[in-house]
Each structure stands twice: as structure tokens, then as C-alpha cells.
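K.L.:
Have a peek at run-v7.cif (mmCIF, C-alpha atoms).
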```cif
data_start
loop_
_atom_site.label_atom_id
_atom_site.label_comp_id
_atom_site.auth_asym_id
_atom_site.auth_seq_id
_atom_site.Cartn_x
_atom_site.Cartn_y
_atom_site.Cartn_z
CA MET B 24 -1.03 -17.45 -6.06
CA HIS B 25 -2.22 -13.93 -6.88
CA GLU B 26 -1.91 -14.27 -10.65
CA LEU B 27 -5.60 -13.47 -11.19
CA GLY B 28 -5.10 -10.02 -9.67
CA ILE B 29 -1.96 -9.48 -11.72
CA ALA B 30 -3.83 -10.53 -14.87
CA GLY B 31 -6.51 -7.97 -13.98
CA GLY B 32 -3.79 -5.33 -13.68
CA ILE B 33 -2.52 -6.22 -17.16
CA LEU B 34 -6.01 -5.91 -18.64
CA ASP B 35 -6.46 -2.55 -16.88
CA LEU B 36 -3.29 -1.23 -18.51
CA VAL B 37 -4.39 -2.52 -21.91
CA ARG B 38 -7.78 -0.80 -21.48
CA MET B 39 -6.05 2.45 -20.56
CA HIS B 40 -4.13 2.41 -23.84
CA VAL B 41 -6.64 0.91 -26.24
CA PRO B 42 -10.32 1.86 -26.06
CA ALA B 43 -12.87 -0.94 -26.08
CA GLU B 44 -14.02 -0.26 -29.66
CA LEU B 45 -10.50 -1.10 -30.84
CA GLY B 46 -10.01 -3.95 -28.37
CA GLY B 47 -10.38 -6.59 -31.08
CA ARG B 48 -7.18 -5.33 -32.69
CA VAL B 49 -5.02 -6.15 -29.70
CA ARG B 50 -3.30 -9.37 -30.74
CA VAL B 51 -0.30 -9.62 -28.44
CA VAL B 52 0.45 -8.28 -24.96
CA HIS B 53 4.14 -8.45 -24.06
CA VAL B 54 4.98 -8.68 -20.38
CA ARG B 55 8.21 -9.23 -18.46
CA VAL B 56 8.15 -11.44 -15.39
CA GLY B 57 11.24 -11.73 -13.22
CA GLU B 58 12.33 -15.08 -11.85
CA MET B 59 11.92 -13.65 -8.34
CA ALA B 60 8.68 -11.76 -8.95
CA GLY B 61 6.62 -14.45 -7.24
CA VAL B 62 4.46 -15.01 -10.31
CA VAL B 63 4.05 -18.33 -12.11
CA PRO B 64 3.98 -17.64 -15.88
CA GLU B 65 1.71 -20.60 -16.73
CA SER B 66 -0.77 -19.50 -14.10
CA LEU B 67 -0.63 -15.89 -15.28
CA ASP B 68 -1.30 -17.01 -18.86
CA PHE B 69 -4.25 -19.11 -17.73
CA CYS B 70 -5.72 -16.26 -15.67
CA PHE B 71 -5.27 -13.73 -18.45
CA GLY B 72 -7.08 -16.03 -20.88
CA ALA B 73 -9.92 -16.37 -18.41
CA ILE B 74 -10.43 -12.67 -17.70
CA ILE B 75 -10.33 -11.46 -21.31
CA ARG B 76 -13.01 -13.93 -22.38
CA ASP B 77 -16.17 -12.10 -23.51
CA THR B 78 -14.38 -8.75 -23.49
CA PRO B 79 -13.42 -6.73 -26.59
CA TYR B 80 -9.82 -7.81 -25.92
CA GLU B 81 -10.42 -11.54 -26.08
CA GLN B 82 -8.22 -12.05 -29.14
CA ALA B 83 -5.13 -10.94 -27.26
CA GLU B 84 -2.37 -13.41 -26.59
CA LEU B 85 -0.07 -12.98 -23.62
CA VAL B 86 3.64 -13.30 -24.39
CA ILE B 87 5.70 -13.61 -21.25
CA GLU B 88 9.39 -12.81 -21.25
CA ARG B 89 11.01 -14.48 -18.25
CA VAL B 90 13.77 -12.31 -16.76
CA PRO B 91 16.49 -14.30 -15.00
CA ALA B 92 17.61 -13.18 -11.58
CA ARG B 93 20.91 -11.32 -12.02
CA ALA B 94 23.18 -9.90 -9.38
CA VAL B 95 26.27 -7.78 -8.91
CA CYS B 96 28.89 -8.76 -6.34
CA ARG B 97 29.62 -5.91 -3.94
CA ALA B 98 33.08 -7.35 -3.25
CA CYS B 99 34.50 -7.98 -6.73
CA GLY B 100 31.99 -6.21 -8.96
CA SER B 101 31.27 -9.17 -11.21
CA ARG B 102 27.83 -9.49 -12.73
CA PHE B 103 26.22 -12.91 -12.97
CA ASP B 104 23.01 -14.92 -13.25
CA LEU B 105 21.95 -16.19 -9.87
CA ASP B 106 21.85 -19.92 -9.32
CA LEU B 107 18.83 -19.78 -7.01
CA PRO B 108 18.49 -20.18 -4.13
CA ARG B 109 22.23 -19.55 -3.76
CA PHE B 110 23.21 -15.92 -3.71
CA ALA B 111 27.00 -16.32 -3.48
CA CYS B 112 29.24 -14.76 -6.16
CA PRO B 113 30.55 -17.48 -8.50
CA ALA B 114 33.75 -15.50 -9.08
CA CYS B 115 34.91 -14.71 -5.54
CA GLY B 116 32.48 -16.63 -3.32
CA ASP B 117 31.36 -13.53 -1.41
CA VAL B 118 27.73 -13.58 -0.27
CA GLY B 119 27.34 -9.79 -0.34
CA VAL B 120 25.56 -9.59 -3.66
CA GLU B 121 22.92 -7.21 -4.87
CA MET B 122 20.10 -8.46 -7.06
CA VAL B 123 19.76 -6.08 -10.01
CA GLU B 124 17.27 -7.98 -12.18
CA GLY B 125 14.64 -10.63 -11.55
CA ARG B 126 11.86 -8.76 -9.74
CA GLU B 127 10.30 -7.34 -12.92
CA LEU B 128 6.56 -7.40 -13.39
CA GLN B 129 5.90 -5.09 -16.31
CA VAL B 130 3.69 -4.64 -19.33
CA MET B 131 6.08 -3.68 -22.11
CA TYR B 132 4.10 -3.22 -25.32
CA LEU B 133 1.09 -4.30 -27.34
CA GLU B 134 0.83 -5.48 -30.92
CA LEU B 135 -2.29 -4.26 -32.69
CA ALA B 136 -3.64 -5.49 -36.01
CA ASP B 137 -4.18 -2.77 -38.61
CA ASP B 138 -7.72 -2.51 -39.96
CA GLU B 139 -8.76 -3.16 -43.59
CA SER B 140 -8.41 0.43 -44.72
CA GLY B 141 -4.77 0.34 -43.70
CA ASP B 142 -5.44 2.81 -40.96
CA ARG B 143 -2.76 2.25 -38.39
CA ALA B 144 -4.42 1.22 -35.18
CA ALA B 145 -1.59 2.64 -33.20
CA SER B 146 -2.49 6.16 -34.25
CA LEU B 147 -5.42 5.78 -31.88
CA ALA B 148 -3.26 5.02 -28.89
CA GLU B 149 -3.78 7.48 -26.11
CA GLU B 150 -1.57 10.43 -25.51
CA GLY B 151 1.53 9.63 -23.56
CA ALA B 152 2.02 6.18 -25.00
CA GLY B 153 4.99 5.85 -27.29
CA VAL B 154 3.86 4.73 -30.73
CA SER B 155 5.97 3.44 -33.55
CA MET L 23 0.92 -4.73 -37.02
CA SER L 24 1.40 -1.61 -34.94
CA ILE L 25 3.19 -1.40 -31.66
CA VAL L 26 1.87 0.49 -28.64
CA THR L 27 4.52 0.98 -26.01
CA ILE L 28 3.36 0.77 -22.41
CA GLU L 29 6.40 0.01 -20.20
CA ARG L 30 4.52 0.20 -16.92
CA ARG L 31 5.18 -1.77 -13.76
CA LEU L 32 2.17 -3.74 -12.62
CA LEU L 33 2.84 -3.03 -8.97
CA GLU L 34 3.38 0.70 -9.41
CA ARG L 35 0.01 1.54 -7.91
CA ASN L 36 0.70 -0.64 -4.89
CA ASP L 37 4.15 0.89 -4.52
CA ALA L 38 2.77 4.43 -4.77
CA ILE L 39 0.29 3.76 -1.95
CA ALA L 40 3.03 2.03 0.06
CA ALA L 41 5.10 5.20 -0.29
CA GLU L 42 2.12 7.18 1.08
CA ASN L 43 1.89 4.81 4.04
CA ARG L 44 5.63 5.12 4.65
CA LEU L 45 5.35 8.91 4.67
CA ALA L 46 2.52 8.71 7.21
CA PHE L 47 4.64 6.48 9.46
CA GLU L 48 7.65 8.77 9.17
CA ALA L 49 5.62 11.94 9.73
CA ASN L 50 4.42 10.47 13.02
CA GLY L 51 7.83 9.17 14.05
CA LEU L 52 6.54 5.60 13.94
CA PHE L 53 8.39 2.36 13.46
CA ALA L 54 6.36 -0.06 11.34
CA ILE L 55 7.05 -3.74 10.80
CA ASN L 56 5.43 -6.20 8.41
CA MET L 57 5.37 -9.65 10.03
CA VAL L 58 5.37 -12.49 7.52
CA SER L 59 5.50 -16.27 7.83
CA SER L 60 3.75 -19.44 6.79
CA PRO L 61 0.48 -20.16 8.63
CA GLY L 62 1.07 -21.32 12.17
CA ALA L 63 4.67 -20.17 12.62
CA GLY L 64 3.65 -18.06 15.59
CA LYS L 65 3.29 -14.47 14.37
CA THR L 66 0.32 -13.75 16.59
CA SER L 67 1.89 -15.47 19.61
CA LEU L 68 5.09 -13.49 19.14
CA LEU L 69 3.02 -10.34 18.87
CA GLU L 70 1.17 -11.19 22.09
CA ARG L 71 4.45 -11.77 23.98
CA THR L 72 5.80 -8.53 22.51
CA ILE L 73 2.76 -6.53 23.59
CA GLU L 74 2.89 -8.03 27.09
CA ARG L 75 6.47 -6.97 27.51
CA LEU L 76 6.38 -3.55 25.82
CA ARG L 77 2.89 -2.16 26.34
CA ASP L 78 3.83 -0.15 29.41
CA ARG L 79 6.62 1.58 27.54
CA LEU L 80 5.37 1.79 23.96
CA ARG L 81 2.06 2.66 22.36
CA ILE L 82 1.49 -0.24 19.99
CA VAL L 83 -1.14 -0.42 17.25
CA VAL L 84 -1.83 -3.54 15.23
CA ILE L 85 -3.17 -4.32 11.78
CA GLU L 86 -4.17 -7.96 11.38
CA GLY L 87 -4.43 -9.56 7.95
CA ASP L 88 -6.22 -12.86 7.47
CA VAL L 89 -7.97 -14.70 4.70
CA GLN L 90 -10.96 -15.19 6.97
CA THR L 91 -12.14 -14.47 10.55
CA ASP L 92 -11.18 -11.81 13.09
CA LEU L 93 -9.81 -14.38 15.52
CA ASP L 94 -6.38 -12.73 15.59
CA ALA L 95 -7.82 -9.28 16.21
CA GLN L 96 -9.79 -10.76 19.11
CA ARG L 97 -6.60 -12.23 20.56
CA VAL L 98 -4.75 -8.91 20.28
CA ALA L 99 -7.68 -6.82 21.54
CA ARG L 100 -7.49 -8.67 24.86
CA TYR L 101 -4.29 -6.72 25.51
CA ASP L 102 -6.16 -3.47 25.16
CA VAL L 103 -4.24 -2.19 22.16
CA PRO L 104 -5.91 -0.62 19.10
CA VAL L 105 -6.31 -3.25 16.40
CA VAL L 106 -7.85 -3.28 12.93
CA GLN L 107 -8.64 -6.59 11.23
CA ILE L 108 -8.33 -6.84 7.47
CA VAL L 109 -10.13 -9.86 5.99
CA THR L 110 -8.87 -10.53 2.48
CA ASN L 111 -11.64 -13.04 1.61
CA GLY L 112 -9.26 -15.38 -0.13
CA GLY L 113 -6.53 -12.88 -1.01
CA CYS L 114 -3.14 -14.44 -0.35
CA HIS L 115 -1.36 -11.29 0.87
CA LEU L 116 -1.98 -7.77 2.13
CA GLU L 117 -1.68 -4.90 -0.31
CA ALA L 118 -0.74 -1.31 0.44
CA ARG L 119 -4.27 -0.05 -0.24
CA LEU L 120 -5.75 -2.32 2.42
CA VAL L 121 -3.20 -1.09 4.93
CA ASN L 122 -3.89 2.50 3.90
CA ASP L 123 -7.60 1.97 4.62
CA ALA L 124 -6.73 0.46 8.00
CA LEU L 125 -4.46 3.38 8.88
CA GLY L 126 -7.43 5.69 8.52
CA ARG L 127 -9.05 3.86 11.42
CA LEU L 128 -6.04 4.20 13.75
CA GLU L 129 -4.72 7.21 15.64
CA LEU L 130 -1.18 7.28 14.34
CA ASP L 131 -0.33 10.42 16.27
CA ARG L 132 -0.91 8.42 19.45
CA ALA L 133 1.30 5.45 18.59
CA ASP L 134 4.98 4.47 18.61
CA LEU L 135 5.00 1.08 16.93
CA VAL L 136 2.81 -0.27 14.13
CA VAL L 137 2.75 -4.03 13.69
CA ILE L 138 1.21 -5.31 10.48
CA GLU L 139 0.60 -9.04 10.68
CA ASN L 140 0.39 -10.30 7.12
CA VAL L 141 -1.57 -13.25 5.79
CA GLY L 142 0.23 -16.51 6.58
CA ASN L 143 2.03 -17.28 3.31
CA LEU L 144 5.75 -17.51 2.56
CA VAL L 145 5.38 -16.60 -1.11
CA CYS L 146 3.15 -13.70 -2.14
CA PRO L 147 3.63 -11.18 0.70
CA ALA L 148 7.33 -10.97 -0.22
CA ASN L 149 6.56 -8.89 -3.29
CA PHE L 150 4.08 -6.39 -1.87
CA ASP L 151 5.51 -3.34 -0.14
CA LEU L 152 3.07 -2.03 2.49
CA GLY L 153 5.16 0.96 3.53
CA GLU L 154 6.81 -0.79 6.46
CA ALA L 155 10.32 0.00 7.67
CA MET L 156 11.16 -3.68 7.40
CA LYS L 157 9.79 -7.15 7.00
CA VAL L 158 10.22 -9.54 9.91
CA VAL L 159 9.96 -13.17 8.83
CA VAL L 160 9.00 -15.70 11.50
CA LEU L 161 10.00 -19.33 10.92
CA SER L 162 9.10 -22.03 13.39
CA THR L 163 11.51 -24.90 13.97
CA ALA L 164 8.76 -27.42 13.16
CA GLU L 165 8.68 -26.20 9.56
CA GLY L 166 12.15 -27.62 8.88
CA ASP L 167 15.53 -26.04 8.31
CA ASP L 168 15.31 -26.03 4.50
CA LYS L 169 12.64 -23.32 4.26
CA PRO L 170 14.96 -20.33 3.66
CA LEU L 171 16.27 -22.10 0.55
CA LYS L 172 12.81 -23.11 -0.63
CA TYR L 173 11.32 -19.63 -0.20
CA PRO L 174 14.30 -17.37 -0.97
CA GLY L 175 12.19 -14.37 -1.99
CA MET L 176 10.77 -13.93 1.47
CA PHE L 177 14.04 -14.42 3.32
CA ARG L 178 15.81 -12.18 0.83
CA ASN L 179 13.32 -9.34 1.30
CA ALA L 180 13.21 -9.49 5.10
CA ALA L 181 15.62 -7.66 7.39
CA VAL L 182 14.96 -9.79 10.45
CA LEU L 183 14.41 -13.52 10.98
CA VAL L 184 12.79 -14.79 14.17
CA ILE L 185 13.30 -18.52 14.63
CA ASN L 186 10.32 -19.38 16.80
CA LYS L 187 9.30 -22.48 18.77
CA VAL L 188 12.89 -23.28 19.79
CA ASP L 189 11.38 -25.20 22.72
CA LEU L 190 10.32 -27.83 20.15
CA LEU L 191 13.87 -28.49 18.92
CA PRO L 192 14.24 -31.77 20.84
CA TYR L 193 11.16 -33.14 19.07
CA VAL L 194 11.54 -31.93 15.49
CA ASN L 195 13.93 -32.73 12.70
CA ALA L 196 15.45 -29.26 12.39
CA ASP L 197 18.81 -27.77 13.32
CA VAL L 198 18.98 -24.10 14.28
CA GLY L 199 22.52 -23.89 12.91
CA VAL L 200 21.28 -25.11 9.53
CA ILE L 201 18.34 -22.66 9.57
CA ARG L 202 20.81 -19.87 10.27
CA SER L 203 23.28 -20.88 7.57
CA ASN L 204 20.54 -21.42 4.98
CA ALA L 205 18.97 -18.07 5.84
CA ARG L 206 22.31 -16.28 5.62
CA ALA L 207 23.08 -17.98 2.31
CA VAL L 208 20.00 -16.29 0.91
CA ASN L 209 20.43 -13.04 2.83
CA PRO L 210 23.75 -12.43 4.62
CA ASP L 211 22.44 -9.23 6.21
CA LEU L 212 19.61 -10.94 8.14
CA LEU L 213 19.43 -10.17 11.83
CA ILE L 214 18.39 -13.39 13.59
CA PHE L 215 16.58 -13.98 16.89
CA GLU L 216 15.63 -17.30 18.47
CA THR L 217 12.43 -17.33 20.51
CA SER L 218 9.89 -19.51 22.23
CA CYS L 219 6.53 -17.94 22.92
CA THR L 220 5.74 -20.91 25.17
CA ASN L 221 8.64 -20.66 27.63
CA GLY L 222 9.66 -17.07 26.90
CA ALA L 223 13.18 -17.82 25.63
CA GLY L 224 14.64 -14.99 23.54
CA ILE L 225 11.61 -12.69 23.90
CA ASP L 226 13.63 -10.15 25.90
CA GLU L 227 16.34 -9.89 23.25
CA TRP L 228 13.77 -9.46 20.49
CA CYS L 229 11.80 -6.84 22.44
CA ASP L 230 14.94 -4.90 23.45
CA TRP L 231 16.01 -4.68 19.83
CA LEU L 232 12.50 -3.63 18.74
CA GLU L 233 12.34 -0.94 21.41
CA GLY L 234 15.69 0.40 20.24
CA ARG L 235 14.39 0.67 16.70
CA VAL L 236 11.25 2.48 17.87
CA GLU L 237 13.42 5.00 19.75
CA ALA L 238 15.57 5.50 16.65
CA ALA L 239 12.44 6.17 14.58
CA HIS L 240 11.34 8.83 17.08
CA ALA L 241 14.64 10.67 16.82
#
```
Give the structure from the file, written as C-alpha cells.

P.N.:
Amino acid sequence: MHELGIAGGILDLVRMHVPAELGGRVRVVHVRVGEMAGVVPESLDFCFGAIIRDTPYEQAELVIERVPARAVCRACGSRFDLDLPRFACPACGDVGVEMVEGRELQVMYLELADDESGDRAASLAEEGAGVS
Amino acid sequence: MSIVTIERRLLERNDAIAAENRLAFEANGLFAINMVSSPGAGKTSLLERTIERLRDRLRIVVIEGDVQTDLDAQRVARYDVPVVQIVTNGGCHLEARLVNDALGRLELDRADLVVIENVGNLVCPANFDLGEAMKVVVLSTAEGDDKPLKYPGMFRNAAVLVINKVDLLPYVNADVGVIRSNARAVNPDLLIFETSCTNGAGIDEWCDWLEGRVEAAHA
């Protein structure tokens, strides 16, 4: 229900890493959304499309990697995908399980188109961002 | 194509401000709870009963979150406790920054217990840390006993469940035993109280526990 705000947060992070004059080169924004993050991917995609319209970044496409909820059983140590809303361990039945994945809400990386001169757009990424 | 690595959490700013709030609570020896529920479960009524019973022994301050109106703040202000109303204007949950702003308008050094009443919503508030010591989820019997399974995020992230409106049990299609077992299936560590703000059932147990936690936070 707050996907518009989350989409705004994604655009803020993109802006921090790619200045507006290079915004047109941002083609793909990869994000990870956990199954338990409380964010609906379809809604996030819709909101992102809406807020980048008429900005330098409007060619960007959001690619959402859904992270399944995973847990570790405190009793037997087994690691498993949760069958929500059940939190019991499928191996030993214990309910004392710790969720280790599934709350993610992260921007992972951007894909930028290179310009005609072959200049690598990524060389313009701001200091601190890993570039490959 | 070139790759620009970002690897940043989208809620990191919220979580950083929540950590600031938490430090402010701890520095003042305060116990802070974040009350969450669907609309109409009885958060404000439970808060009113709590203030009535504890106000002579504890200095309580309240932050009210609502999509619109200051009706809740008006209700709480009648008990002569400091209250700040946050109106989110459509926002479905409170965020740490809003609470941080509200804290600036409260005298934390003259308080023992901070109650943050979140926007009525069983989904979004689960994922936003405000700096509280714990989330208290209020579920009224009239909502049905399947809600912990349908909204696992909230029940998973809360430390305490208050099953409210137990006086309505004869009239509604809900079983407290089923609410309890469904809630524990999602979160086996949940501490559970049963209350009625209408006839006062269970309010003493809830308030005694809360007072104990406030004393522990002082220590």
C-alpha cells in the first residue's frame, strides 16, 4: 500500500548514482523484494513507471527479483523455504524458527547503455559505487 | 551495457532514524511501544484504559498516528497526558522520521512510557521500525480468528498480542483458542493478553505487565 513511496526511494537512489544528464542511459534497475517485505511487486512496478515518466530516467525498466522467505530451525538447524503462513520446521516440526531471508527491499544494480562513442557510461558513476 | 552496483536497502534511512529514536528512548530510561492493529480493533480504547489505570504511577506520553483528523489525540488529551498527533494525509503507516519530529515536541526527560499508536493497518506498519522496544498488536475478536494467518508479517514482528473485545465472544464467530493457536503458529514467542475495554476484563494483567517493563527499562 506504500509502493509509491518505495518507488520514490528507488528513483532517489538511481539519481544519487547517475546524474540527470546521463539518466537516459539507465535501462534496467534491479531490485530485490522479499516475500515478507510487505510490498506488492506489480504495484511497485506500476508506481515506478508512473514516477519516472517525464524524468531523464524514463527509459528505465524495473526488474524485480522476488526473494522467498527462508528460515533456519533453532531446534534441528535445518534451512528451508517457508510455506507461509506456517512457520513450523518441515524436518522436525518445531515452531522455533528464525526467518533469515524474505524481508529484503534493496536496489542491487543498474544497467546503463553505453553511448555512441563507446564511452562506458559506468565510468561516470559516482565515487563509492562499485563499477564493473 | 555497463553495470553500476548500488546494493542499498530502501529502508536504511528509516532504520537509521529509528535507531536515533531508540537511543533517545534508552538515554531517558523510557519504555516505548508501537501499537498496531486494523482500524477499529480498539487501540485507542486500550490506551485510554491503560492511562486511567497507570497515570498515577507512570508518566505516560502518547504519539497518535492517523490518516486524517486529531480525534484520537483529543480523546487522549482528556486524560491530561502529553500527546502529539501525526496526520499522515493518506500515508498508510508511521515512519521513523515522523516519530522523530514528534519526539521533539515531547519532554522525554519527564516521561516513563511512550505509546506510539500507529495508523490502523495490519500490513504496512509491520515493516517500519520506529525505534520502539516492541510492537504490540491488538486484534479484536470481531475481526475473526483467522487474522494471524492472513497477516503473518504483523504477528511475526510483534512481541505482544492483545486480544481485545472478549466481551463480544458470545456474539461473534471467533474462538479465542483458535486466535491463540494461529498467532502462535506464526510467532511462538508471542505474549498474549485477553482484554475488554468495555467491561475491564484483563486490563489489570496487561497494565501490570506493562508497568513491569517500564520499571525494567528504568533500571

K.L.:
Listing only residues of stretch 95-142 of chain B within 10 Å of stretch 38-47 of chain B, what is the closest atom pair and its distance in Å (to one decimal) for each, using all atoms listed in the file, sorted by chain and residue number ascending, as JSON lines?

P.N.:
```
{"residue": "B:Leu133", "atom": "CA", "partner": "B:His40", "partner_atom": "CA", "distance": 9.2}
{"residue": "B:Leu135", "atom": "CA", "partner": "B:Gly47", "partner_atom": "CA", "distance": 8.6}
{"residue": "B:Ala136", "atom": "CA", "partner": "B:Gly47", "partner_atom": "CA", "distance": 8.4}
{"residue": "B:Asp138", "atom": "CA", "partner": "B:Leu45", "partner_atom": "CA", "distance": 9.6}
```

K.L.:
Expand the PyMOL selection byres ((chain L) within 6 of (chain B)) into the explicit residue set it covers here, and present it as a short mmCIF file (atom, residue, chain, number, x, y, z; two decimals) with C-alpha atoms, in the frame of the given file.

P.N.:
```cif
data_model
loop_
_atom_site.label_atom_id
_atom_site.label_comp_id
_atom_site.auth_asym_id
_atom_site.auth_seq_id
_atom_site.Cartn_x
_atom_site.Cartn_y
_atom_site.Cartn_z
CA MET L 23 0.92 -4.73 -37.02
CA SER L 24 1.40 -1.61 -34.94
CA ILE L 25 3.19 -1.40 -31.66
CA VAL L 26 1.87 0.49 -28.64
CA THR L 27 4.52 0.98 -26.01
CA ILE L 28 3.36 0.77 -22.41
CA GLU L 29 6.40 0.01 -20.20
CA ARG L 30 4.52 0.20 -16.92
CA ARG L 31 5.18 -1.77 -13.76
CA LEU L 32 2.17 -3.74 -12.62
CA LEU L 171 16.27 -22.10 0.55
CA PRO L 174 14.30 -17.37 -0.97
CA VAL L 208 20.00 -16.29 0.91
#
```

K.L.:
Go through B:Ala114, B:Ile74, B:Val123, B:Leu67 one by one, measure the shortest atom-to-atom distance of each to B:Val90 using all atoms listed in the file, and give the residue with the smallest value.

P.N.:
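Of B:Ala114, B:Ile74, B:Val123, B:Leu67, the one nearest B:Val90, counting all atoms listed in the file, is B:Val123.
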
K.L.:
Ranking B:Ala94, B:Val86, B:Cys112, B:Leu105 by minimum distance to B:Pro64 and counting all atoms listed in the file, which one comes first?

P.N.:
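Checking each of B:Ala94, B:Val86, B:Cys112, B:Leu105 against B:Pro64, counting all atoms listed in the file, the winner is B:Val86.
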
K.L.:
Enumerate, as a VMD selection string, the residues matched when the PyMOL selection byres ((chain L and resi 42-52) around 8) is run on the file above.

P.N.:
chain L and resid 38 to 41 53 to 54 118 121 to 122 130 to 131 133 to 136 152 to 155 236 239 to 241

K.L.:
Which residues match the PyMOL selection byres ((chain L and resi 95) around 10) in the file above, as number ranges by chain?

P.N.:
L: 66, 84-88, 91-94, 96-100, 103-108

K.L.:
What separation in Å, quoted to one decimal, exists between atom CA of L:Ile138 and atom CA of L:Tyr173?

P.N.:
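Taking atom CA of L:Ile138 and atom CA of L:Tyr173, their separation equals 20.5 Å.
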
K.L.:
Write out as a PyMOL selection string the residues lying within 7 Å of L:Leu212, counting only C-alpha atoms and excluding same-chain residues fewer than 3 positions away.

P.N.:
chain L and resi 181-183+206+209

K.L.:
Using atom CA of L:Val198 and atom CA of L:Val145 as the two end points, give the distance in Å to one decimal.

P.N.:
21.9 Å

K.L.:
What does the structure give for the distance between atom CA of B:Leu85 and atom CA of L:Arg178, in Å to one decimal?

P.N.:
29.2 Å

K.L.:
Considering all atoms listed in the file, return as an MDAnalysis selection string whatever protein or nucleic-acid residues lie within 9 Å of L:Asn195, sequence-local ones (same chain, fewer than 6 positions apart) excluded.

P.N.:
chainID L and resid 163:167

K.L.:
Enclose stretch 36-53 of chain B, meaning all of its atoms listed in the file, in a box aligned along x, y and z, pad it by 3 Å on each side, and list the centre and edge lengths in Å to one decimal, as AutoDock Vina command-line options.

P.N.:
```
--center_x -4.9 --center_y -3.6 --center_z -25.6 --size_x 24.2 --size_y 18.1 --size_z 20.2
```

K.L.:
Using only C-alpha atoms, which residue out of L:Ser60, L:Ala205, L:Asp102, L:Ser162 lies closest to L:Glu74?

P.N.:
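The answer is L:Asp102, which sits nearest to L:Glu74.
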
K.L.:
Looking at all atoms listed in the file, which of L:Val158, L:Leu33, L:Cys146, L:Leu116 is the one that sits closest to B:Val63?

P.N.:
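Closest to B:Val63, using all atoms listed in the file: L:Cys146.
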
K.L.:
For L:Asp226, please output as a PyMOL selection string all residues within 12 Å (counting all atoms listed in the file; exclusion window: fewer than 3 positions along the same chain).

P.N.:
chain L and resi 68+71-76+215-219+221-223+229-233

K.L.:
Produce a file of the selected residues containing C-alpha atoms, as a PDB file, in the frame of the given file.

P.N.:
```pdb
ATOM      1  CA  LEU L  68       5.090 -13.490  19.140  1.00  0.00           C
ATOM      2  CA  ARG L  71       4.450 -11.770  23.980  1.00  0.00           C
ATOM      3  CA  THR L  72       5.800  -8.530  22.510  1.00  0.00           C
ATOM      4  CA  ILE L  73       2.760  -6.530  23.590  1.00  0.00           C
ATOM      5  CA  GLU L  74       2.890  -8.030  27.090  1.00  0.00           C
ATOM      6  CA  ARG L  75       6.470  -6.970  27.510  1.00  0.00           C
ATOM      7  CA  LEU L  76       6.380  -3.550  25.820  1.00  0.00           C
ATOM      8  CA  PHE L 215      16.580 -13.980  16.890  1.00  0.00           C
ATOM      9  CA  GLU L 216      15.630 -17.300  18.470  1.00  0.00           C
ATOM     10  CA  THR L 217      12.430 -17.330  20.510  1.00  0.00           C
ATOM     11  CA  SER L 218       9.890 -19.510  22.230  1.00  0.00           C
ATOM     12  CA  CYS L 219       6.530 -17.940  22.920  1.00  0.00           C
ATOM     13  CA  ASN L 221       8.640 -20.660  27.630  1.00  0.00           C
ATOM     14  CA  GLY L 222       9.660 -17.070  26.900  1.00  0.00           C
ATOM     15  CA  ALA L 223      13.180 -17.820  25.630  1.00  0.00           C
ATOM     16  CA  CYS L 229      11.800  -6.840  22.440  1.00  0.00           C
ATOM     17  CA  ASP L 230      14.940  -4.900  23.450  1.00  0.00           C
ATOM     18  CA  TRP L 231      16.010  -4.680  19.830  1.00  0.00           C
ATOM     19  CA  LEU L 232      12.500  -3.630  18.740  1.00  0.00           C
ATOM     20  CA  GLU L 233      12.340  -0.940  21.410  1.00  0.00           C
TER      21      GLU L 233
END
```

K.L.:
Extract, using all atoms listed in the file, all DNA, RNA and protein residues at most 7 Å from L:Met156, discarding same-chain residues fewer than 3 positions from it, and format them as a PyMOL selection string.

P.N.:
chain L and resi 55-56+180-181
